[in-house]
file protein_26.cif (mmCIF, C-alpha atoms)
data_input
#
loop_
_atom_site.label_atom_id
_atom_site.label_comp_id
_atom_site.auth_asym_id
_atom_site.auth_seq_id
_atom_site.Cartn_x
_atom_site.Cartn_y
_atom_site.Cartn_z
CA MET A 1 0.00 0.00 0.00
CA GLY A 2 1.49 3.33 -1.02
CA GLY A 3 0.51 6.88 -0.08
CA ARG A 4 -1.51 8.80 -2.66
CA VAL A 5 -3.26 12.12 -3.25
CA VAL A 6 -7.03 11.67 -3.52
CA GLU A 7 -9.01 14.46 -5.16
CA ARG A 8 -12.10 15.81 -3.41
CA ARG A 9 -14.40 15.82 -6.44
CA LEU A 10 -14.34 12.24 -7.59
CA LEU A 11 -18.00 11.38 -7.74
CA ASP A 12 -20.76 11.54 -10.32
CA GLY A 13 -22.80 14.74 -10.53
CA GLY A 14 -20.24 16.84 -8.66
CA ALA A 15 -20.83 15.03 -5.37
CA GLU A 16 -17.97 15.59 -3.00
CA LEU A 17 -16.13 13.49 -0.43
CA SER A 18 -13.24 14.54 1.72
CA ALA A 19 -9.77 13.35 0.82
CA GLU A 20 -9.48 11.91 4.32
CA ALA A 21 -12.59 9.72 3.91
CA CYS A 22 -11.53 8.49 0.47
CA ASP A 23 -7.97 7.74 1.62
CA ARG A 24 -9.24 5.85 4.65
CA ALA A 25 -11.61 3.75 2.51
CA VAL A 26 -8.82 2.95 0.04
CA ARG A 27 -6.50 1.80 2.85
CA LEU A 28 -9.23 -0.35 4.39
CA ALA A 29 -10.05 -1.94 1.03
CA GLU A 30 -6.41 -2.66 0.24
CA GLY A 31 -6.11 -4.27 3.65
CA LEU A 32 -8.65 -6.88 2.64
CA ALA A 33 -6.15 -8.61 0.33
CA PRO A 34 -2.31 -8.43 0.36
CA GLY A 35 -0.94 -6.67 -2.72
CA ALA A 36 -4.36 -5.44 -3.84
CA THR A 37 -4.93 -1.93 -5.21
CA ALA A 38 -8.09 0.04 -4.44
CA GLU A 39 -9.51 3.21 -5.97
CA VAL A 40 -12.62 5.35 -5.93
CA SER A 41 -13.87 6.17 -9.44
CA GLY A 42 -16.96 7.22 -11.35
CA PRO A 43 -19.83 4.75 -11.80
CA GLY A 44 -20.54 2.70 -14.88
CA ALA A 45 -17.06 1.55 -15.94
CA ALA A 46 -16.28 -2.14 -16.23
CA ALA A 47 -14.83 -3.82 -13.18
CA PRO A 48 -11.08 -4.42 -13.34
CA GLU A 49 -10.10 -7.81 -14.71
CA GLY A 50 -9.85 -10.24 -11.89
CA GLY A 51 -11.11 -7.58 -9.49
CA LEU A 52 -14.22 -6.37 -7.73
CA SER A 53 -16.32 -3.23 -8.05
CA VAL A 54 -19.09 -2.18 -5.63
CA PRO A 55 -21.31 0.96 -5.75
CA ILE A 56 -21.05 3.96 -3.44
CA ARG A 57 -24.65 5.05 -3.09
CA ARG A 58 -26.36 8.29 -2.21
CA ALA A 59 -29.16 8.44 0.36
CA ASP A 60 -31.70 7.98 -2.47
CA GLY A 61 -30.00 4.76 -3.59
CA THR A 62 -28.44 6.07 -6.81
CA ALA A 63 -24.80 5.29 -7.46
CA ALA A 64 -22.46 8.28 -7.13
CA ALA A 65 -19.22 6.33 -7.58
CA GLU A 66 -17.64 2.92 -7.23
CA LEU A 67 -15.06 1.42 -4.96
CA ARG A 68 -12.80 -0.93 -6.94
CA LEU A 69 -10.32 -3.51 -5.79
CA SER A 70 -7.92 -5.21 -8.18
CA GLY A 71 -5.00 -7.57 -7.90
CA ASP A 72 -4.49 -11.22 -7.07
CA LEU A 73 -7.79 -11.68 -5.24
CA GLN A 74 -9.48 -14.70 -3.77
CA ILE A 75 -13.00 -13.52 -4.57
CA ASP A 76 -15.74 -14.89 -2.37
CA ALA A 77 -18.94 -13.69 -0.71
CA ALA A 78 -17.10 -12.59 2.44
CA LEU A 79 -14.68 -10.35 0.50
CA LEU A 80 -17.52 -8.86 -1.52
CA GLU A 81 -19.53 -8.15 1.65
CA ARG A 82 -16.58 -6.48 3.42
CA LEU A 83 -15.80 -4.35 0.36
CA GLN A 84 -19.45 -3.27 0.21
CA ASP A 85 -19.31 -2.34 3.90
CA ILE A 86 -16.40 0.02 3.12
CA ALA A 87 -18.35 1.47 0.17
CA ASP A 88 -21.35 1.99 2.46
CA PHE A 89 -19.09 3.89 4.86
CA LEU A 90 -18.24 6.22 1.98
CA GLY A 91 -21.95 6.45 1.17
CA SER A 92 -22.72 7.66 4.70
CA GLU A 93 -19.88 10.18 4.46
CA LEU A 94 -21.29 11.34 1.13
CA ALA A 95 -24.78 11.79 2.65
CA ARG A 96 -23.29 13.83 5.49
CA ALA A 97 -21.28 15.98 3.07
CA GLU A 98 -24.28 16.60 0.82
CA ALA A 99 -26.47 17.51 3.80
CA HIS A 100 -23.79 19.96 4.93
CA ARG A 101 -23.62 21.44 1.43
CA ARG A 102 -27.42 21.85 1.30
CA CYS A 103 -27.36 23.52 4.71
CA GLU A 104 -24.67 25.94 3.58
CA GLU A 105 -26.61 26.72 0.40
CA ALA A 106 -29.78 27.36 2.41
CA GLU A 107 -27.83 29.65 4.73
CA ARG A 108 -26.46 31.56 1.74
CA LYS A 109 -29.94 31.99 0.29
CA THR A 110 -31.32 33.06 3.66
CA ALA A 111 -28.53 35.59 4.10
CA ALA A 112 -29.18 36.94 0.59
CA ALA A 113 -32.92 37.21 1.28
CA TRP A 114 -32.28 38.99 4.57
CA GLY A 115 -29.85 41.31 2.85
CA THR A 116 -32.47 42.21 0.25
CA LEU A 117 -35.17 42.74 2.86
CA ALA A 118 -32.90 44.88 5.02
CA ALA A 119 -31.98 46.95 1.97
CA VAL A 120 -35.69 47.54 1.24
CA VAL A 121 -36.35 48.65 4.82
CA GLU A 122 -33.28 50.87 4.88
CA ALA A 123 -34.39 52.54 1.64
CA ALA A 124 -38.00 53.08 2.74
CA PRO A 125 -39.07 56.74 2.62
CA ILE A 126 -41.22 56.30 5.74
CA SER A 127 -40.41 55.39 9.33
CA MET A 128 -40.09 51.61 9.23
CA ALA A 129 -38.61 48.91 11.44
CA LEU A 130 -38.13 45.16 11.13
CA THR A 131 -37.78 43.09 14.31
CA ASP A 132 -37.31 39.45 15.29
CA ALA A 133 -39.70 37.48 17.52
CA ASP A 134 -38.09 39.04 20.61
CA GLN A 135 -38.80 42.48 19.10
CA LYS A 136 -35.10 43.22 18.66
CA LEU A 137 -34.41 45.41 15.65
CA LEU A 138 -33.06 43.74 12.51
CA ALA A 139 -33.31 46.76 10.20
CA VAL A 140 -34.54 50.35 10.37
CA SER A 141 -35.16 53.08 7.82
CA PRO A 142 -33.25 56.38 7.88
CA ALA A 143 -36.60 58.17 8.25
CA LEU A 144 -37.24 56.35 11.52
CA VAL A 145 -33.74 57.06 12.83
CA GLU A 146 -34.16 60.75 11.99
CA SER A 147 -37.69 61.06 13.39
CA LEU A 148 -36.64 59.63 16.75
CA GLY A 149 -33.24 61.30 16.96
CA TRP A 150 -31.28 58.04 16.91
CA GLU A 151 -28.44 59.36 14.75
CA GLY A 152 -25.10 57.98 15.89
CA ARG A 153 -26.68 55.32 18.11
CA GLU A 154 -26.26 51.56 17.76
CA VAL A 155 -29.87 50.40 17.29
CA ILE A 156 -29.66 46.96 15.64
CA GLY A 157 -30.14 44.23 18.25
CA HIS A 158 -32.00 46.52 20.66
CA THR A 159 -35.76 46.79 21.22
CA LEU A 160 -37.81 49.88 20.57
CA TYR A 161 -38.60 49.98 24.29
CA GLU A 162 -34.92 50.18 25.13
CA LEU A 163 -34.25 52.92 22.59
CA SER A 164 -37.32 55.14 23.09
CA PRO A 165 -39.33 53.89 26.07
CA VAL A 166 -41.48 57.01 26.35
CA VAL A 167 -42.70 56.57 22.78
CA PHE A 168 -43.10 52.80 22.61
CA GLU A 169 -43.96 51.41 26.05
CA HIS A 170 -47.69 52.06 25.56
CA TRP A 171 -47.48 50.05 22.32
CA ARG A 172 -46.04 46.95 24.00
CA ASP A 173 -49.33 45.10 24.52
CA SER A 174 -50.42 45.86 20.95
CA TYR A 175 -47.15 44.52 19.50
CA VAL A 176 -47.36 41.36 21.62
CA ALA A 177 -50.90 40.82 20.32
CA VAL A 178 -49.73 41.24 16.72
CA LEU A 179 -47.02 38.62 17.26
CA ALA A 180 -49.73 36.31 18.60
CA GLY A 181 -51.74 36.71 15.39
CA ALA A 182 -53.85 39.85 15.84
CA THR A 183 -54.28 42.24 12.89
CA PRO A 184 -55.24 45.59 14.43
CA PRO A 185 -56.26 48.49 12.18
CA ALA A 186 -53.97 51.45 11.65
CA ARG A 187 -53.81 53.77 14.64
CA GLN A 188 -53.45 57.51 14.66
CA PHE A 189 -51.48 59.00 17.51
CA ARG A 190 -49.91 62.25 18.51
CA MET A 191 -46.35 62.82 19.71
CA ARG A 192 -43.66 65.43 19.38
CA ASP A 193 -41.40 65.29 16.36
CA ARG A 194 -37.61 65.51 16.49
CA HIS A 195 -37.90 69.32 16.66
CA GLY A 196 -40.14 69.16 19.70
CA GLN A 197 -43.28 70.19 17.82
CA PRO A 198 -46.61 68.34 18.25
CA ALA A 199 -47.30 66.08 15.28
CA TRP A 200 -49.83 63.47 14.18
CA TYR A 201 -48.77 60.02 12.94
CA GLU A 202 -50.51 56.94 11.59
CA GLY A 203 -48.95 53.63 12.64
CA HIS A 204 -49.20 50.08 11.31
CA ALA A 205 -47.85 46.82 12.71
CA ARG A 206 -47.95 43.35 11.16
CA ALA A 207 -46.19 40.07 11.90
CA TRP A 208 -43.96 38.51 9.26
CA LYS A 209 -44.09 34.73 9.03
CA LEU A 210 -41.52 31.96 9.07
CA ALA A 211 -41.76 29.01 6.69
CA ASP A 212 -43.70 27.02 9.30
CA GLY A 213 -46.31 29.79 9.63
CA SER A 214 -45.21 31.05 13.03
CA SER A 215 -44.45 34.72 13.66
CA GLY A 216 -40.83 35.59 12.95
CA GLY A 217 -41.10 39.19 14.13
CA LEU A 218 -42.74 42.51 13.38
CA VAL A 219 -42.87 44.94 10.50
CA ILE A 220 -43.69 48.34 11.98
CA ALA A 221 -44.29 51.49 9.96
CA TRP A 222 -45.68 54.94 10.55
CA HIS A 223 -45.83 58.21 8.69
CA ASN A 224 -46.50 61.83 9.53
CA ILE A 225 -50.11 62.86 8.80
CA THR A 226 -49.98 66.26 10.51
CA GLU A 227 -50.67 68.21 7.31
CA MET A 228 -53.62 65.97 6.44
CA LYS A 229 -55.08 66.27 9.96
CA GLU A 230 -54.70 70.03 9.93
CA ALA A 231 -56.33 70.26 6.48
CA LEU A 232 -59.29 68.15 7.66
CA GLU A 233 -59.64 70.30 10.76
CA ARG A 234 -59.61 73.48 8.63
CA THR A 235 -62.24 71.95 6.34
CA ALA A 236 -64.41 71.00 9.34
CA HIS A 237 -64.12 74.50 10.81
CA SER A 238 -65.02 76.05 7.42
CA GLU A 239 -68.09 73.83 7.18
CA GLU A 240 -69.10 74.77 10.71
CA ARG A 241 -68.74 78.48 9.94
CA LEU A 242 -70.70 78.11 6.69
CA THR A 243 -73.50 76.25 8.44
CA LEU A 244 -73.65 78.86 11.20
CA ALA A 245 -73.74 81.73 8.68
CA MET A 246 -76.55 80.12 6.70
CA GLU A 247 -78.54 79.39 9.83
CA ILE A 248 -78.23 83.01 10.92
CA SER A 249 -79.32 84.26 7.47
CA ASP A 250 -82.13 81.68 7.29
CA MET A 251 -80.78 80.22 4.03
CA HIS A 252 -80.79 76.65 2.75
CA VAL A 253 -78.39 74.81 0.46
CA TRP A 254 -78.99 71.32 -0.88
CA GLU A 255 -76.26 69.23 -2.49
CA MET A 256 -76.97 65.99 -4.33
CA ASP A 257 -74.26 63.33 -4.33
CA TYR A 258 -75.26 61.22 -7.33
CA GLN A 259 -72.54 58.65 -6.78
CA ARG A 260 -73.77 57.79 -3.29
CA GLN A 261 -77.38 58.78 -4.05
CA GLU A 262 -77.38 61.08 -1.05
CA LEU A 263 -78.99 64.53 -0.56
CA ILE A 264 -77.08 66.81 1.76
CA LYS A 265 -78.75 69.87 3.31
CA VAL A 266 -76.93 72.79 4.90
CA GLY A 267 -78.55 75.77 6.56
CA ALA A 268 -81.45 76.66 8.81
CA GLU A 269 -84.09 74.15 9.73
CA ASP A 270 -87.41 74.46 7.94
CA THR A 271 -89.86 76.63 9.84
#

call {"tool": "encode", "arguments": {"input": "protein_26.cif", "output": "structure tokens"}}
result
Amino acid sequence: MGGRVVERRLLDGGAELSAEACDRAVRLAEGLAPGATAEVSGPGAAAPEGGLSVPIRRADGTAAAELRLSGDLQIDAALLERLQDIADFLGSELARAEAHRRCEEAERKTAAAWGTLAAVVEAAPISMALTDADQKLLAVSPALVESLGWEGREVIGHTLYELSPVVFEHWRDSYVAVLAGATPPARQFRMRDRHGQPAWYEGHARAWKLADGSSGGLVIAWHNITEMKEALERTAHSEERLTLAMEISDMHVWEMDYQRQELIKVGAEDT
């Protein structure tokens, strides 16, 4: 038995075994018969003259390679069985290596997906945060950081309650309920903006789901609706003043909304 360099990619379809596993199998096979030579090669080739060839199988039973033994052999059932045992050892190593490769590939895809999602959140033009199931931040938008004055702070890995407890503590029960499956409507709330001025916001919270359907965390978003609220209030005040003026002058105005089939009356009551 001589030392040899065994390549890693020896098997059909790009399947991969470690050099250590292949070298160990070769040494074990050559130990079955003095002067014999063993090798791991692709499937399908004819067995060496006067030698043996047994399949190295994947978990699904397909042959990925063959373990061959050649030389002056006394071929019998016992030798064939022991050679197959060594090939099966390589098969189990192959299954482990392929499972590890699939796991690594899944991790790469997951990392790429998370990178894309984080990039979307970080580019969002509204205040937006992505958390895990423990409500620790995974990604935040610049608008959120600016609106809460978090510039220069390390926020990833912390909860909203840790970073801005005054703002978020009263939302804790609502966020817990969302993680448990609730889908509350958007909420309007008032708080001071980063300049200390009163402002109106509309907030949304939804749970994002893992592959098994369980909640993986929260997607939280809110945007400033101060201008809209102020415009609605001005409109309401204008309507109130118009109604009051028409009541004082004993005038009536009727407006027909044909889309909703609704007649709207403004002014004094009929006398």

call {"tool": "resolve_selection", "arguments": {"input": "protein_26.cif", "expression": "the PyMOL selection byres ((chain A and resi 159-176) around 10)", "output": "VMD selection string"}}
result
chain A and resid 129 131 to 138 148 to 150 153 to 158 177 to 184 191 to 192 205 to 207 217 to 220

call {"tool": "write_last_selection", "arguments": {"input": "protein_26.cif", "atoms": "C-alpha atoms", "output": "PDB file, in the coordinates of the input"}}
result
ATOM      1  CA  ALA A 129     -38.610  48.910  11.440  1.00  0.00           C
ATOM      2  CA  THR A 131     -37.780  43.090  14.310  1.00  0.00           C
ATOM      3  CA  ASP A 132     -37.310  39.450  15.290  1.00  0.00           C
ATOM      4  CA  ALA A 133     -39.700  37.480  17.520  1.00  0.00           C
ATOM      5  CA  ASP A 134     -38.090  39.040  20.610  1.00  0.00           C
ATOM      6  CA  GLN A 135     -38.800  42.480  19.100  1.00  0.00           C
ATOM      7  CA  LYS A 136     -35.100  43.220  18.660  1.00  0.00           C
ATOM      8  CA  LEU A 137     -34.410  45.410  15.650  1.00  0.00           C
ATOM      9  CA  LEU A 138     -33.060  43.740  12.510  1.00  0.00           C
ATOM     10  CA  LEU A 148     -36.640  59.630  16.750  1.00  0.00           C
ATOM     11  CA  GLY A 149     -33.240  61.300  16.960  1.00  0.00           C
ATOM     12  CA  TRP A 150     -31.280  58.040  16.910  1.00  0.00           C
ATOM     13  CA  ARG A 153     -26.680  55.320  18.110  1.00  0.00           C
ATOM     14  CA  GLU A 154     -26.260  51.560  17.760  1.00  0.00           C
ATOM     15  CA  VAL A 155     -29.870  50.400  17.290  1.00  0.00           C
ATOM     16  CA  ILE A 156     -29.660  46.960  15.640  1.00  0.00           C
ATOM     17  CA  GLY A 157     -30.140  44.230  18.250  1.00  0.00           C
ATOM     18  CA  HIS A 158     -32.000  46.520  20.660  1.00  0.00           C
ATOM     19  CA  ALA A 177     -50.900  40.820  20.320  1.00  0.00           C
ATOM     20  CA  VAL A 178     -49.730  41.240  16.720  1.00  0.00           C
ATOM     21  CA  LEU A 179     -47.020  38.620  17.260  1.00  0.00           C
ATOM     22  CA  ALA A 180     -49.730  36.310  18.600  1.00  0.00           C
ATOM     23  CA  GLY A 181     -51.740  36.710  15.390  1.00  0.00           C
ATOM     24  CA  ALA A 182     -53.850  39.850  15.840  1.00  0.00           C
ATOM     25  CA  THR A 183     -54.280  42.240  12.890  1.00  0.00           C
ATOM     26  CA  PRO A 184     -55.240  45.590  14.430  1.00  0.00           C
ATOM     27  CA  MET A 191     -46.350  62.820  19.710  1.00  0.00           C
ATOM     28  CA  ARG A 192     -43.660  65.430  19.380  1.00  0.00           C
ATOM     29  CA  ALA A 205     -47.850  46.820  12.710  1.00  0.00           C
ATOM     30  CA  ARG A 206     -47.950  43.350  11.160  1.00  0.00           C
ATOM     31  CA  ALA A 207     -46.190  40.070  11.900  1.00  0.00           C
ATOM     32  CA  GLY A 217     -41.100  39.190  14.130  1.00  0.00           C
ATOM     33  CA  LEU A 218     -42.740  42.510  13.380  1.00  0.00           C
ATOM     34  CA  VAL A 219     -42.870  44.940  10.500  1.00  0.00           C
ATOM     35  CA  ILE A 220     -43.690  48.340  11.980  1.00  0.00           C
TER      36      ILE A 220
END

call {"tool": "resolve_selection", "arguments": {"input": "protein_26.cif", "expression": "the PyMOL selection byres ((chain A and resi 70-79) around 9)", "output": "PyMOL selection string"}}
result
chain A and resi 30+32-39+47-53+68-69+80-84

call {"tool": "resolve_selection", "arguments": {"input": "protein_26.cif", "expression": "the PyMOL selection byres ((chain A and resi 98) around 12)", "output": "list in words"}}
result
Leu11, Gly13, Gly14, Ala15, Glu16, Leu17, Ser18, Arg58, Ala59, Asp60, Ala64, Gly91, Ser92, Glu93, Leu94, Ala95, Arg96, Ala97, Ala99, His100, Arg101, Arg102, Cys103, Glu104 and Glu105 of chain A

call {"tool": "residues_around", "arguments": {"input": "protein_26.cif", "residues": "segment 197-204 of chain A", "least_positions_apart": "4", "cutoff": "7 Å", "atoms": "all atoms listed in the file", "output": "ChimeraX atom specification"}}
result
/A:186-193,220-226

call {"tool": "atom_distance", "arguments": {"input": "protein_26.cif", "atom1": "atom CA of Thr110 of chain A", "atom2": "atom CA of Glu122 of chain A"}}
result
18.0 Å

call {"tool": "residues_around", "arguments": {"input": "protein_26.cif", "residues": "Val40 of chain A", "least_positions_apart": "2", "cutoff": "10 Å", "atoms": "all atoms listed in the file", "output": "PyMOL selection string"}}
result
chain A and resi 6-7+10-11+22-23+25-26+38+42-43+53-56+65-69+87+90

call {"tool": "atom_distance", "arguments": {"input": "protein_26.cif", "atom1": "atom CA of Ala112 of chain A", "atom2": "atom CA of Val145 of chain A"}}
result
24.0 Å
